[in-house]
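**Student:** Structure file run.cif, mmCIF, C-alpha atoms, is pasted below:
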```cif
data_target
#
loop_
_atom_site.label_atom_id
_atom_site.label_comp_id
_atom_site.auth_asym_id
_atom_site.auth_seq_id
_atom_site.Cartn_x
_atom_site.Cartn_y
_atom_site.Cartn_z
CA MET A 23 -27.12 30.53 -13.15
CA GLU A 24 -30.39 28.89 -14.16
CA VAL A 25 -31.11 25.65 -12.39
CA VAL A 26 -32.96 23.07 -14.43
CA LYS A 27 -35.33 21.45 -12.00
CA LYS A 28 -35.96 17.76 -12.14
CA TYR A 29 -38.14 17.73 -9.05
CA ASP A 30 -40.77 20.21 -7.92
CA GLU A 31 -40.58 21.21 -4.27
CA PRO A 32 -43.29 18.95 -2.77
CA GLU A 33 -41.71 15.99 -4.56
CA LEU A 34 -38.25 16.94 -3.33
CA VAL A 35 -39.44 17.27 0.27
CA LEU A 36 -41.37 13.99 0.16
CA LEU A 37 -38.37 12.06 -1.21
CA LEU A 38 -36.04 13.67 1.33
CA LYS A 39 -38.35 12.56 4.12
CA GLN A 40 -38.13 9.05 2.63
CA ARG A 41 -34.33 9.27 3.05
CA SER A 42 -33.47 9.15 -0.65
CA GLN A 43 -29.73 9.51 -1.18
CA HIS A 44 -30.26 10.35 -4.83
CA VAL A 45 -32.57 13.26 -4.06
CA PHE A 46 -30.27 14.50 -1.28
CA SER A 47 -27.42 14.47 -3.78
CA TYR A 48 -29.61 16.42 -6.22
CA LEU A 49 -30.45 18.91 -3.47
CA TYR A 50 -26.76 19.37 -2.71
CA ASP A 51 -25.77 19.78 -6.34
CA ASN A 52 -28.43 22.44 -6.85
CA TYR A 53 -28.19 24.44 -3.64
CA ALA A 54 -24.76 23.93 -2.04
CA GLY A 55 -23.21 26.71 -4.11
CA ALA A 56 -25.94 29.25 -3.27
CA LEU A 57 -25.76 28.36 0.43
CA LEU A 58 -21.96 28.56 0.41
CA THR A 59 -22.24 32.13 -0.86
CA ILE A 60 -24.40 33.20 2.08
CA ILE A 61 -22.10 31.31 4.47
CA ARG A 62 -19.07 33.12 3.07
CA ASN A 63 -20.90 36.44 3.32
CA ILE A 64 -20.75 35.78 7.05
CA VAL A 65 -17.76 33.44 7.59
CA SER A 66 -14.92 34.85 5.50
CA ASP A 67 -12.48 32.00 6.17
CA GLU A 68 -12.78 29.68 3.19
CA GLU A 69 -12.06 26.37 4.92
CA LEU A 70 -14.25 27.20 7.86
CA ALA A 71 -17.06 28.16 5.47
CA ASN A 72 -16.76 24.74 3.82
CA ASP A 73 -17.06 23.12 7.25
CA VAL A 74 -20.18 25.17 7.94
CA LEU A 75 -21.65 24.14 4.58
CA GLN A 76 -21.18 20.49 5.50
CA GLU A 77 -22.75 21.10 8.89
CA VAL A 78 -25.71 22.84 7.23
CA PHE A 79 -26.42 19.88 4.96
CA VAL A 80 -26.17 17.45 7.87
CA LYS A 81 -28.76 19.62 9.67
CA VAL A 82 -30.99 19.75 6.57
CA TRP A 83 -30.83 15.95 6.40
CA LYS A 84 -31.50 15.42 10.11
CA GLN A 85 -34.19 18.10 10.46
CA ILE A 86 -36.11 17.64 7.22
CA GLU A 87 -38.99 16.14 9.26
CA SER A 88 -39.45 19.50 10.97
CA TYR A 89 -39.65 21.45 7.71
CA ASP A 90 -43.17 22.85 7.23
CA SER A 91 -43.94 23.91 3.66
CA THR A 92 -46.84 26.15 4.78
CA LYS A 93 -44.29 28.42 6.48
CA GLY A 94 -42.13 28.97 3.42
CA ARG A 95 -40.06 27.52 0.62
CA LEU A 96 -37.48 24.80 1.16
CA PHE A 97 -34.66 27.14 0.09
CA THR A 98 -35.78 29.80 2.57
CA TRP A 99 -35.65 27.17 5.31
CA MET A 100 -32.16 26.02 4.25
CA LEU A 101 -30.98 29.64 3.91
CA ASN A 102 -32.01 30.32 7.49
CA ILE A 103 -30.21 27.19 8.70
CA ALA A 104 -27.10 28.38 6.84
CA ARG A 105 -27.32 31.89 8.27
CA ASN A 106 -27.83 30.67 11.83
CA ALA A 107 -24.99 28.13 11.58
CA SER A 108 -22.68 30.83 10.18
CA ILE A 109 -23.52 33.33 12.90
CA ASP A 110 -23.02 30.61 15.55
CA THR A 111 -19.60 29.98 14.04
CA ILE A 112 -18.43 33.61 14.11
CA ARG A 113 -19.78 33.96 17.64
CA SER A 114 -17.76 30.98 18.85
CA LYS A 115 -14.71 31.59 21.03
CA GLY A 116 -12.30 29.81 18.67
CA TYR A 117 -13.33 32.00 15.78
CA GLN A 118 -13.10 35.21 17.80
CA ASN A 119 -9.52 34.33 18.79
CA SER A 120 -8.46 33.52 15.24
CA GLN A 121 -9.92 36.78 13.97
CA GLN A 122 -7.69 38.90 16.21
CA ASN A 123 -4.73 37.75 14.15
CA ARG A 124 -6.56 38.35 10.91
CA GLU A 125 -7.70 41.94 11.41
CA LEU A 126 -4.39 43.48 10.46
CA THR A 127 -3.85 41.55 7.23
CA GLU A 128 -7.43 42.18 6.19
CA ASP A 129 -7.06 45.91 6.68
CA VAL A 130 -3.95 45.85 4.54
CA TYR A 131 -5.87 43.93 1.93
CA ILE A 132 -8.69 46.45 1.85
CA ALA A 133 -6.23 49.36 1.80
CA GLY A 134 -4.75 47.82 -1.34
CA GLY A 135 -7.96 48.71 -3.13
CA THR A 136 -8.98 45.19 -4.04
CA SER A 137 -11.75 44.85 -1.45
CA GLU A 138 -14.45 44.83 -4.10
CA MET A 139 -13.09 41.54 -5.42
CA ARG A 140 -13.53 39.81 -2.10
CA ILE A 141 -15.66 36.70 -2.26
CA ASP A 142 -17.66 37.62 0.87
CA GLN A 143 -18.90 40.71 -0.98
CA ILE A 144 -20.94 38.81 -3.56
CA GLY A 145 -24.57 37.73 -3.54
CA LEU A 146 -26.89 39.17 -0.94
CA ARG A 147 -24.11 41.09 0.80
CA LYS A 148 -23.23 42.83 -2.42
CA VAL A 149 -26.85 43.89 -2.73
CA VAL A 150 -26.81 45.18 0.85
CA HIS A 151 -23.68 47.19 0.11
CA SER A 152 -25.57 49.09 -2.58
CA LEU A 153 -27.92 50.49 0.09
CA LYS A 154 -27.43 53.89 1.72
CA GLN A 155 -24.89 53.83 4.57
CA GLU A 156 -27.51 54.30 7.35
CA TYR A 157 -29.46 51.28 6.07
CA LYS A 158 -26.46 49.24 5.11
CA VAL A 159 -25.01 49.26 8.62
CA LEU A 160 -28.29 48.04 10.11
CA VAL A 161 -28.67 45.11 7.75
CA GLU A 162 -24.98 44.32 8.13
CA LEU A 163 -25.25 44.15 11.93
CA SER A 164 -28.60 42.37 12.12
CA TYR A 165 -28.56 39.99 9.17
CA PHE A 166 -24.85 39.22 8.68
CA GLN A 167 -23.68 39.56 12.26
CA GLY A 168 -26.81 38.45 14.09
CA TYR A 169 -27.22 41.29 16.54
CA THR A 170 -30.69 41.93 17.95
CA GLN A 171 -32.35 45.29 17.30
CA ASP A 172 -31.92 46.08 21.01
CA GLU A 173 -28.19 45.47 20.80
CA ILE A 174 -27.90 47.53 17.64
CA ALA A 175 -29.75 50.44 19.23
CA LYS A 176 -27.29 50.43 22.11
CA MET A 177 -24.25 49.98 19.84
CA LEU A 178 -25.19 52.86 17.57
CA GLY A 179 -26.78 55.04 20.25
CA ILE A 180 -30.08 55.48 18.39
CA PRO A 181 -33.60 54.73 19.66
CA LEU A 182 -34.94 51.18 19.19
CA GLY A 183 -37.95 52.57 17.27
CA THR A 184 -35.63 54.21 14.77
CA VAL A 185 -33.66 50.98 14.35
CA LYS A 186 -36.91 49.10 13.69
CA THR A 187 -38.24 51.61 11.14
CA ARG A 188 -34.94 52.03 9.29
CA LEU A 189 -34.39 48.30 9.13
CA ARG A 190 -37.87 47.75 7.65
CA THR A 191 -37.20 50.46 5.08
CA ALA A 192 -33.85 48.90 4.26
CA LEU A 193 -35.48 45.51 3.68
CA ILE A 194 -38.14 47.01 1.41
CA GLN A 195 -35.35 48.61 -0.64
CA LEU A 196 -33.50 45.32 -0.69
CA ARG A 197 -36.63 43.60 -2.02
CA GLU A 198 -36.96 46.18 -4.78
CA ILE A 199 -33.32 45.66 -5.83
CA ILE A 200 -33.55 41.89 -6.11
CA LYS A 201 -37.00 41.85 -7.71
CA PRO A 202 -36.73 40.24 -11.12
CA MET B 6 -57.18 45.83 7.55
CA ASP B 7 -55.00 47.62 5.03
CA ILE B 8 -53.35 44.69 3.33
CA LYS B 9 -51.33 46.86 0.96
CA ALA B 10 -49.81 48.84 3.82
CA TYR B 11 -49.06 45.65 5.72
CA ILE B 12 -47.27 44.19 2.71
CA GLU B 13 -45.24 47.39 2.33
CA ASN B 14 -44.10 47.69 5.93
CA GLY B 15 -41.21 45.28 5.59
CA VAL B 16 -42.45 42.56 7.95
CA ILE B 17 -42.57 40.01 5.11
CA GLU B 18 -38.87 40.52 4.26
CA SER B 19 -37.98 40.48 7.92
CA TYR B 20 -39.87 37.18 8.33
CA VAL B 21 -38.38 35.49 5.27
CA LEU B 22 -34.85 36.53 6.22
CA GLY B 23 -35.34 35.06 9.69
CA MET B 24 -35.12 38.41 11.45
CA ALA B 25 -38.71 38.75 12.62
CA GLU B 26 -39.64 38.38 16.26
CA ALA B 27 -41.70 35.32 17.20
CA GLN B 28 -44.89 37.32 17.69
CA GLU B 29 -44.55 39.09 14.33
CA ALA B 30 -43.88 35.78 12.60
CA ALA B 31 -46.92 34.08 14.12
CA GLU B 32 -49.10 37.01 13.11
CA LEU B 33 -47.80 36.95 9.54
CA GLN B 34 -48.40 33.20 9.22
CA GLN B 35 -51.93 33.68 10.44
CA LEU B 36 -52.60 36.53 8.00
CA SER B 37 -51.02 34.73 5.05
CA ARG B 38 -53.58 31.94 5.39
CA GLN B 39 -56.33 34.55 5.41
CA TYR B 40 -55.14 36.85 2.65
CA PRO B 41 -53.84 35.39 -0.63
CA GLU B 42 -52.14 38.73 -1.43
CA ILE B 43 -49.93 38.36 1.60
CA ARG B 44 -49.18 34.73 0.66
CA LYS B 45 -48.30 35.90 -2.85
CA ALA B 46 -46.00 38.66 -1.55
CA ILE B 47 -44.17 36.17 0.70
CA ASP B 48 -43.78 33.73 -2.22
CA ALA B 49 -42.52 36.48 -4.52
CA PHE B 50 -39.84 37.65 -2.08
CA GLU B 51 -38.76 34.08 -1.35
CA ALA B 52 -38.47 33.37 -5.07
CA SER B 53 -36.38 36.46 -5.82
CA LEU B 54 -34.19 35.80 -2.78
CA GLU B 55 -33.60 32.23 -4.00
CA GLN B 56 -32.84 33.51 -7.49
CA THR B 57 -30.35 36.06 -6.15
CA ALA B 58 -28.62 33.41 -4.09
CA LEU B 59 -28.50 30.92 -6.96
CA SER B 60 -27.07 33.48 -9.37
CA ALA B 61 -24.23 34.17 -6.94
CA ALA B 62 -23.53 30.51 -6.21
CA VAL B 63 -19.90 29.61 -5.44
CA PRO B 64 -19.21 25.97 -6.31
CA PRO B 65 -17.92 24.23 -3.16
CA PRO B 66 -14.82 22.00 -3.41
CA ALA B 67 -15.63 18.37 -4.23
CA TYR B 68 -14.33 17.01 -0.93
CA VAL B 69 -17.15 18.69 1.01
CA LYS B 70 -19.77 16.54 -0.72
CA GLN B 71 -17.65 13.42 -0.36
CA GLN B 72 -17.22 14.04 3.37
CA LEU B 73 -20.89 14.81 3.77
CA PHE B 74 -21.95 11.59 2.07
CA THR B 75 -19.44 9.60 4.11
CA ILE B 76 -20.87 11.05 7.32
CA LEU B 77 -24.42 10.21 6.26
CA ALA B 78 -23.58 6.91 4.51
CA ASP B 79 -25.46 4.83 7.06
CA GLU B 80 -28.57 6.97 6.94
CA PHE B 81 -29.58 6.74 3.32
CA ALA B 82 -32.38 4.44 2.28
CA GLY B 83 -31.48 2.06 -0.53
CA GLU B 84 -32.71 3.26 -3.92
CA GLN B 85 -35.95 1.86 -5.42
CA GLY B 86 -37.25 0.52 -2.12
CA LYS B 87 -34.33 -1.76 -1.35
CA VAL B 88 -33.97 -2.56 2.33
CA VAL B 89 -31.70 -0.26 4.30
CA ALA B 90 -29.54 -3.20 5.38
CA MET B 91 -28.36 -3.56 1.77
CA ALA B 92 -26.25 -0.42 2.04
CA ARG B 93 -23.79 -1.91 4.52
CA PRO B 94 -22.86 -5.14 2.70
CA ASN B 95 -22.41 -3.02 -0.43
CA ALA B 96 -19.93 -0.72 1.29
CA TRP B 97 -18.28 -3.73 2.89
CA GLY B 98 -18.41 -5.63 -0.36
CA ARG B 99 -16.44 -2.92 -2.08
CA TYR B 100 -13.66 -3.13 0.51
CA VAL B 101 -13.73 -6.92 0.44
CA ALA B 102 -13.63 -6.89 -3.37
CA ALA B 103 -10.73 -4.45 -3.39
CA ALA B 104 -8.90 -6.53 -0.79
CA SER B 105 -9.60 -9.70 -2.81
CA VAL B 106 -8.16 -8.20 -5.97
CA ILE B 107 -5.04 -7.07 -4.11
CA LEU B 108 -4.67 -10.52 -2.53
CA LEU B 109 -5.20 -12.22 -5.88
CA VAL B 110 -2.52 -10.12 -7.57
CA ALA B 111 -0.12 -10.66 -4.67
CA SER B 112 -0.86 -14.38 -4.69
CA ALA B 113 -0.31 -14.62 -8.46
CA ALA B 114 3.00 -12.79 -8.12
CA LEU B 115 4.06 -15.15 -5.32
CA ASN B 116 2.96 -18.13 -7.40
CA ILE B 117 5.18 -17.04 -10.27
CA TYR B 118 8.06 -16.37 -7.88
CA PHE B 119 7.71 -19.70 -6.12
CA TYR B 120 7.28 -21.57 -9.40
CA GLN B 121 10.53 -20.10 -10.69
CA GLN B 122 12.20 -21.00 -7.40
CA PHE B 123 10.81 -24.52 -7.73
CA ARG B 124 12.04 -24.79 -11.31
CA SER B 125 15.60 -23.77 -10.48
CA THR B 126 15.66 -25.97 -7.37
CA SER B 127 14.31 -28.88 -9.38
CA THR B 128 16.98 -28.38 -12.07
CA ALA B 129 19.67 -28.19 -9.42
CA TYR B 130 18.29 -31.34 -7.80
CA GLN B 131 18.34 -33.24 -11.10
CA ALA B 132 21.96 -32.15 -11.63
CA LEU B 133 22.84 -33.35 -8.13
CA LEU B 134 21.11 -36.69 -8.73
CA LEU B 135 23.11 -37.16 -11.93
CA GLU B 136 26.33 -36.20 -10.19
CA LYS B 137 25.55 -38.56 -7.34
CA SER B 138 24.88 -41.53 -9.64
CA SER B 139 28.05 -40.87 -11.61
CA LEU B 140 30.02 -40.59 -8.36
CA LEU B 141 28.43 -43.84 -7.23
CA ALA B 142 29.42 -45.54 -10.49
CA ASP B 143 32.95 -44.14 -10.17
CA ASN B 144 33.06 -45.41 -6.63
CA GLN B 145 31.94 -48.88 -7.71
CA ASN B 146 34.55 -48.91 -10.46
CA THR B 147 37.20 -47.91 -7.99
CA GLN B 148 36.07 -50.56 -5.52
CA THR B 149 36.13 -53.22 -8.23
CA LYS B 150 39.61 -52.08 -9.25
CA VAL B 151 40.79 -52.14 -5.65
CA LEU B 152 39.35 -55.62 -5.20
CA ASP B 153 40.97 -56.82 -8.44
CA LEU B 154 44.28 -55.32 -7.41
CA TYR B 155 43.97 -56.94 -4.01
CA GLN B 156 43.29 -60.33 -5.59
CA SER B 157 46.19 -59.80 -8.00
CA MET B 158 48.45 -59.00 -5.10
CA GLN B 159 47.30 -62.18 -3.33
CA MET B 160 48.13 -64.25 -6.43
CA MET B 161 51.54 -62.62 -6.89
CA SER B 162 52.48 -63.42 -3.35
CA ASP B 163 51.01 -66.96 -3.47
CA PRO B 164 53.82 -69.60 -3.44
CA ASN B 165 51.69 -71.89 -5.62
CA PHE B 166 51.94 -69.41 -8.50
CA ILE B 167 54.74 -69.73 -10.99
CA LYS B 168 56.00 -66.34 -12.15
CA VAL B 169 57.22 -66.09 -15.73
CA SER B 170 58.82 -62.79 -16.72
CA MET B 171 58.48 -62.04 -20.42
CA SER B 172 61.03 -59.46 -21.51
CA GLY B 173 61.11 -57.60 -24.78
CA ILE B 174 62.72 -59.42 -27.67
CA LYS B 175 65.30 -57.80 -29.93
CA GLY B 176 63.98 -54.46 -31.15
CA LYS B 177 61.23 -54.35 -28.47
CA GLU B 178 63.51 -54.16 -25.46
CA ASN B 179 61.29 -51.68 -23.63
CA SER B 180 58.34 -54.08 -23.51
CA LEU B 181 57.62 -56.22 -20.50
CA ALA B 182 54.86 -58.59 -19.33
CA THR B 183 54.57 -61.13 -16.51
CA ILE B 184 52.70 -64.45 -16.29
CA PHE B 185 51.29 -65.77 -13.01
CA TRP B 186 50.51 -69.42 -13.54
CA ASP B 187 48.55 -71.33 -10.95
CA ASN B 188 50.44 -74.53 -10.33
CA LYS B 189 47.30 -76.33 -9.16
CA SER B 190 44.48 -75.14 -11.40
CA LYS B 191 46.80 -74.29 -14.32
CA ASP B 192 44.96 -71.00 -14.78
CA VAL B 193 47.10 -68.35 -16.41
CA TYR B 194 47.07 -64.68 -15.35
CA LEU B 195 48.87 -61.96 -17.23
CA LEU B 196 50.21 -58.61 -16.06
CA PRO B 197 50.90 -56.42 -19.08
CA ASN B 198 53.59 -54.32 -17.38
CA LYS B 199 54.75 -52.40 -20.42
CA LEU B 200 53.33 -52.86 -23.90
CA PRO B 201 52.95 -50.17 -26.55
CA GLU B 202 49.37 -49.05 -27.16
CA ALA B 203 47.74 -51.31 -29.75
CA ALA B 204 46.10 -49.77 -32.81
CA ALA B 205 42.29 -49.80 -32.81
CA ASP B 206 42.09 -52.81 -35.16
CA LYS B 207 44.88 -54.74 -33.38
CA GLN B 208 44.99 -56.76 -30.18
CA TYR B 209 47.77 -58.49 -28.22
CA GLN B 210 47.51 -62.27 -28.03
CA LEU B 211 49.23 -64.65 -25.56
CA TRP B 212 50.71 -67.90 -26.77
CA ALA B 213 51.88 -70.91 -24.81
CA ILE B 214 54.53 -73.04 -26.48
CA VAL B 215 53.63 -76.65 -25.79
CA ASP B 216 55.89 -79.30 -27.18
CA GLY B 217 57.40 -76.74 -29.58
CA LYS B 218 54.01 -75.67 -30.93
CA PRO B 219 52.22 -72.36 -30.16
CA VAL B 220 48.86 -72.78 -28.38
CA ASP B 221 46.40 -69.86 -28.16
CA ALA B 222 46.21 -68.64 -24.54
CA GLY B 223 43.70 -65.87 -25.24
CA VAL B 224 43.60 -62.23 -26.38
CA ILE B 225 44.38 -59.44 -23.94
CA GLY B 226 41.41 -57.12 -23.27
CA ALA B 227 41.09 -54.21 -20.90
CA CYS B 228 41.53 -55.50 -17.37
CA ALA B 229 42.36 -54.10 -13.98
CA GLY B 230 45.43 -55.65 -12.45
CA LEU B 231 45.85 -59.22 -13.71
CA CYS B 232 44.09 -60.40 -16.84
CA LYS B 233 42.75 -63.91 -16.59
CA MET B 234 43.85 -65.90 -19.65
CA LYS B 235 43.03 -69.43 -20.85
CA ASN B 236 43.82 -72.53 -18.79
CA ILE B 237 47.15 -73.92 -19.96
CA PRO B 238 48.00 -77.35 -18.46
CA LYS B 239 51.51 -77.53 -19.85
CA ALA B 240 53.96 -75.07 -21.41
CA THR B 241 57.66 -74.40 -21.76
CA LEU B 242 57.46 -70.81 -22.98
CA PHE B 243 55.00 -67.91 -23.17
CA ALA B 244 55.04 -65.17 -25.78
CA ILE B 245 52.88 -62.23 -26.87
CA THR B 246 52.29 -61.14 -30.43
CA LEU B 247 50.27 -58.30 -31.91
CA GLU B 248 47.45 -59.76 -34.02
CA ASN B 249 44.35 -58.49 -35.79
CA LYS B 250 41.47 -57.76 -33.45
CA GLY B 251 39.84 -60.95 -32.09
CA GLY B 252 43.08 -62.97 -32.31
CA SER B 253 44.60 -65.39 -34.86
CA PRO B 254 44.74 -69.22 -34.94
CA THR B 255 48.50 -69.09 -35.45
CA PRO B 256 50.89 -66.37 -34.30
CA HIS B 257 52.61 -63.94 -36.68
CA LEU B 258 56.08 -64.41 -35.26
CA ASP B 259 57.39 -61.23 -36.87
CA GLN B 260 54.92 -59.36 -34.60
CA MET B 261 56.27 -60.84 -31.35
CA TYR B 262 56.83 -58.33 -28.54
CA VAL B 263 57.79 -60.30 -25.47
CA ALA B 264 58.69 -63.91 -24.57
CA GLY B 265 59.78 -65.78 -21.48
CA LYS B 266 60.73 -69.29 -20.52
CA VAL B 267 58.96 -71.19 -17.76
CA GLY B 268 61.15 -72.07 -14.80
#
```
Starting from the file, lay out its structure as structure tokens.
**Tutor:**
Amino acid sequence: MEVVKKYDEPELVLLLKQRSQHVFSYLYDNYAGALLTIIRNIVSDEELANDVLQEVFVKVWKQIESYDSTKGRLFTWMLNIARNASIDTIRSKGYQNSQQNRELTEDVYIAGGTSEMRIDQIGLRKVVHSLKQEYKVLVELSYFQGYTQDEIAKMLGIPLGTVKTRLRTALIQLREIIKP
Amino acid sequence: MDIKAYIENGVIESYVLGMAEAQEAAELQQLSRQYPEIRKAIDAFEASLEQTALSAAVPPPAYVKQQLFTILADEFAGEQGKVVAMARPNAWGRYVAAASVILLVASAALNIYFYQQFRSTSTAYQALLLEKSSLLADNQNTQTKVLDLYQSMQMMSDPNFIKVSMSGIKGKENSLATIFWDNKSKDVYLLPNKLPEAAADKQYQLWAIVDGKPVDAGVIGACAGLCKMKNIPKATLFAITLENKGGSPTPHLDQMYVAGKVG
């Protein structure tokens, strides 16, 4: 989907800092869908993902003052807010409890052979799933589930150095796949 | 420093994806200001990441945006430099306007309802007024009649009154009328006990026979109880004939109904 830009990024950021409702609405219309995809890569429950999306935009609005354009693009900043909010959500107690009931039905779903159609398998996660298994599992655990490299090393029983190197290699491959 | 190797070691991707450690991130920021190639590599990865995300966008349901803008409603600046305070009256104004329209419609409906109620009540009231005035008139008529009858009764029982019974003559045996003649004032009162209904153009007329000659004692109109006739000072006989309406100067004796001698 090509997005026709009405504002360039410095303009967008300046107007957001001036509390423009119109520009915030424009920002939402252009980026909410892309951010919802990354949220649903992490939070599979549809309604909960919508809640997270709302929370993300409230954070974007409240924290726009702290956005520093020298550190990266506006979308990168929003993407990181979305990822962190999503991981916080799946780490929460309420979510953990609700998932225990879900496991079974999800397994049945996957066993039915339709897992490739699942909405949480699109976008960046779909790209990750095209990586080799040993890389895929690292990106899955670190990026989509928010584990630290230390934790991953212990979980998988491989040295931290190996985790670090493999993860870097995985990300380089990822970059090559999404390169236009 | 081998910039190419640094770019290829994956730290840029790790940084952009928010997975780099704080120290790595600080170092990369420092280097990116120094080396345009590093800056360019960061920009390129960010751009392709954004493009990937945008191409896989899932449109969120409309309510999410509505909720979001409701939550933040108080925080937006007014457009085109309007003061922030304007936002509140506008939101309020919309509710007030909506409430006003509802009230107006409700009020109009009530107006129509009450007007119809008023119309039917008013009609009923007019009907009652009419009924009341006709009852009042009836009542007055009745009172007058009662009064007349009372006076008639007084006269009938007054010893100063001379009563002259006029019975039907031959062929009119069913007819009957009575004269009450005031002995003092000589006023004559008539009670038409039983006389056939006169035709529309006819009227009964009373005659007093004075010295063998008929004297007009007046025509008989509609009266309650006793009909007051003319003053007759002297008479030997009274009689009633049917004459043309308004009475005749001389009686048509063939049209006599009743007659009675005085004394």
**Student:** Give me the residues within 9 Å of stretch 111-115 of chain A as a list in words, counting only C-alpha atoms and dropping any in the same chain fewer than 3 places off.
**Tutor:**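 The neighbour list is Ile64, Val65, Leu70, Val74, Asn106, Ala107, Ser108, Gln118, Asn119, Ser120 and Gln167 of chain A.
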**Student:** Please report as a Markdown table every residue of chain B lying within 7 Å of chain A, along with the nearest atom pair and their distance in Å (one decimal), using only C-alpha atoms.
**Tutor:**
```
| residue | atom | partner | partner_atom | distance |
| --- | --- | --- | --- | --- |
| B:Asn14 | CA | A:Arg190 | CA | 6.5 |
| B:Gly15 | CA | A:Arg190 | CA | 4.6 |
| B:Val16 | CA | A:Arg190 | CA | 6.9 |
| B:Glu18 | CA | A:Leu193 | CA | 6.1 |
| B:Val21 | CA | A:Thr98 | CA | 6.8 |
| B:Leu22 | CA | A:Asn102 | CA | 6.9 |
| B:Gly23 | CA | A:Asn102 | CA | 6.2 |
| B:Gln34 | CA | A:Lys93 | CA | 6.9 |
| B:Phe50 | CA | A:Arg197 | CA | 6.8 |
| B:Glu51 | CA | A:Thr98 | CA | 6.5 |
| B:Ser53 | CA | A:Lys201 | CA | 5.7 |
| B:Leu54 | CA | A:Ile200 | CA | 7.0 |
| B:Glu55 | CA | A:Phe97 | CA | 6.6 |
| B:Thr57 | CA | A:Gly145 | CA | 6.6 |
| B:Ala58 | CA | A:Ala56 | CA | 5.0 |
| B:Leu59 | CA | A:Ala56 | CA | 4.8 |
| B:Ser60 | CA | A:Met23 | CA | 4.8 |
| B:Ala61 | CA | A:Gly145 | CA | 4.9 |
| B:Ala62 | CA | A:Ala56 | CA | 4.0 |
| B:Val63 | CA | A:Gly55 | CA | 4.6 |
| B:Pro64 | CA | A:Gly55 | CA | 4.6 |
| B:Pro65 | CA | A:Gly55 | CA | 5.9 |
| B:Val69 | CA | A:Gln76 | CA | 6.3 |
| B:Leu73 | CA | A:Gln76 | CA | 5.9 |
| B:Phe81 | CA | A:Gln43 | CA | 5.3 |
| B:Ala82 | CA | A:Arg41 | CA | 5.3 |
| B:Glu84 | CA | A:Ser42 | CA | 6.8 |
```
**Student:** Atom CA of B:Ala129 and atom CA of B:Asn144 are how many Å apart?
**Tutor:**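 The value is 22.0 Å.
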**Student:** Quick one: pull the distance between atom CA of A:Val185 and atom CA of B:Ala10, Å, one decimal.
**Tutor:**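 We find that atom CA of A:Val185 and atom CA of B:Ala10 lie 19.4 Å from each other.
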**Student:** Within 6 Å of stretch 233-238 of chain B, counting only C-alpha atoms, which residues show up once you throw out same-chain ones fewer than 2 positions away? Write them as a list in words, please.
**Tutor:**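 Residues near the query, excluding close chain neighbours: Lys191, Asp192, Val193, Tyr194, Ala222 and Gly223 of chain B.
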**Student:** If you apply the PyMOL selection byres ((chain B and resi 33) around 12) to this file, what residues do you get, as a count of residues only?
**Tutor:** 35
**Student:** Once 6 Å is added on each side, what are the centre and the three edge lengths, in Å to one decimal, of the axis-aligned box enclosing the listed atoms of stretch 100-105 of chain B? Present them as JSON.
**Tutor:**
```
{"center_x": -11.3, "center_y": -6.4, "center_z": -1.4, "size_x": 16.8, "size_y": 18.6, "size_z": 15.9}
```
**Student:** Give the answer as one residue: which of B:Ala114, B:Leu242, B:Val220, B:Val151 has the shortest atom-to-atom distance to B:Pro256, using only C-alpha atoms?
**Tutor:**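 Using only C-alpha atoms, the shortest distance to B:Pro256 belongs to B:Val220.
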**Student:** Could you tell me how far atom CA of B:Leu141 lies from atom CA of B:Gln156, in Å and to one decimal?
**Tutor:**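 According to the coordinates, atom CA of B:Leu141 and atom CA of B:Gln156 are separated by 22.3 Å.
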**Student:** Quick one: of B:Ala78, B:Ala49, B:Ile184, B:Val224, who's nearest to B:Thr246, counting only C-alpha atoms?
**Tutor:**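 When distances to B:Thr246 are compared using only C-alpha atoms, the smallest one comes from B:Val224.
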**Student:** Please identify all polymer residues within 10 Å of B:Ser157, counting all atoms listed in the file, omitting same-chain residues fewer than 5 positions from it, and present them as number ranges by chain.
**Tutor:** B: 151-152, 162-163, 185, 194-196, 229-232
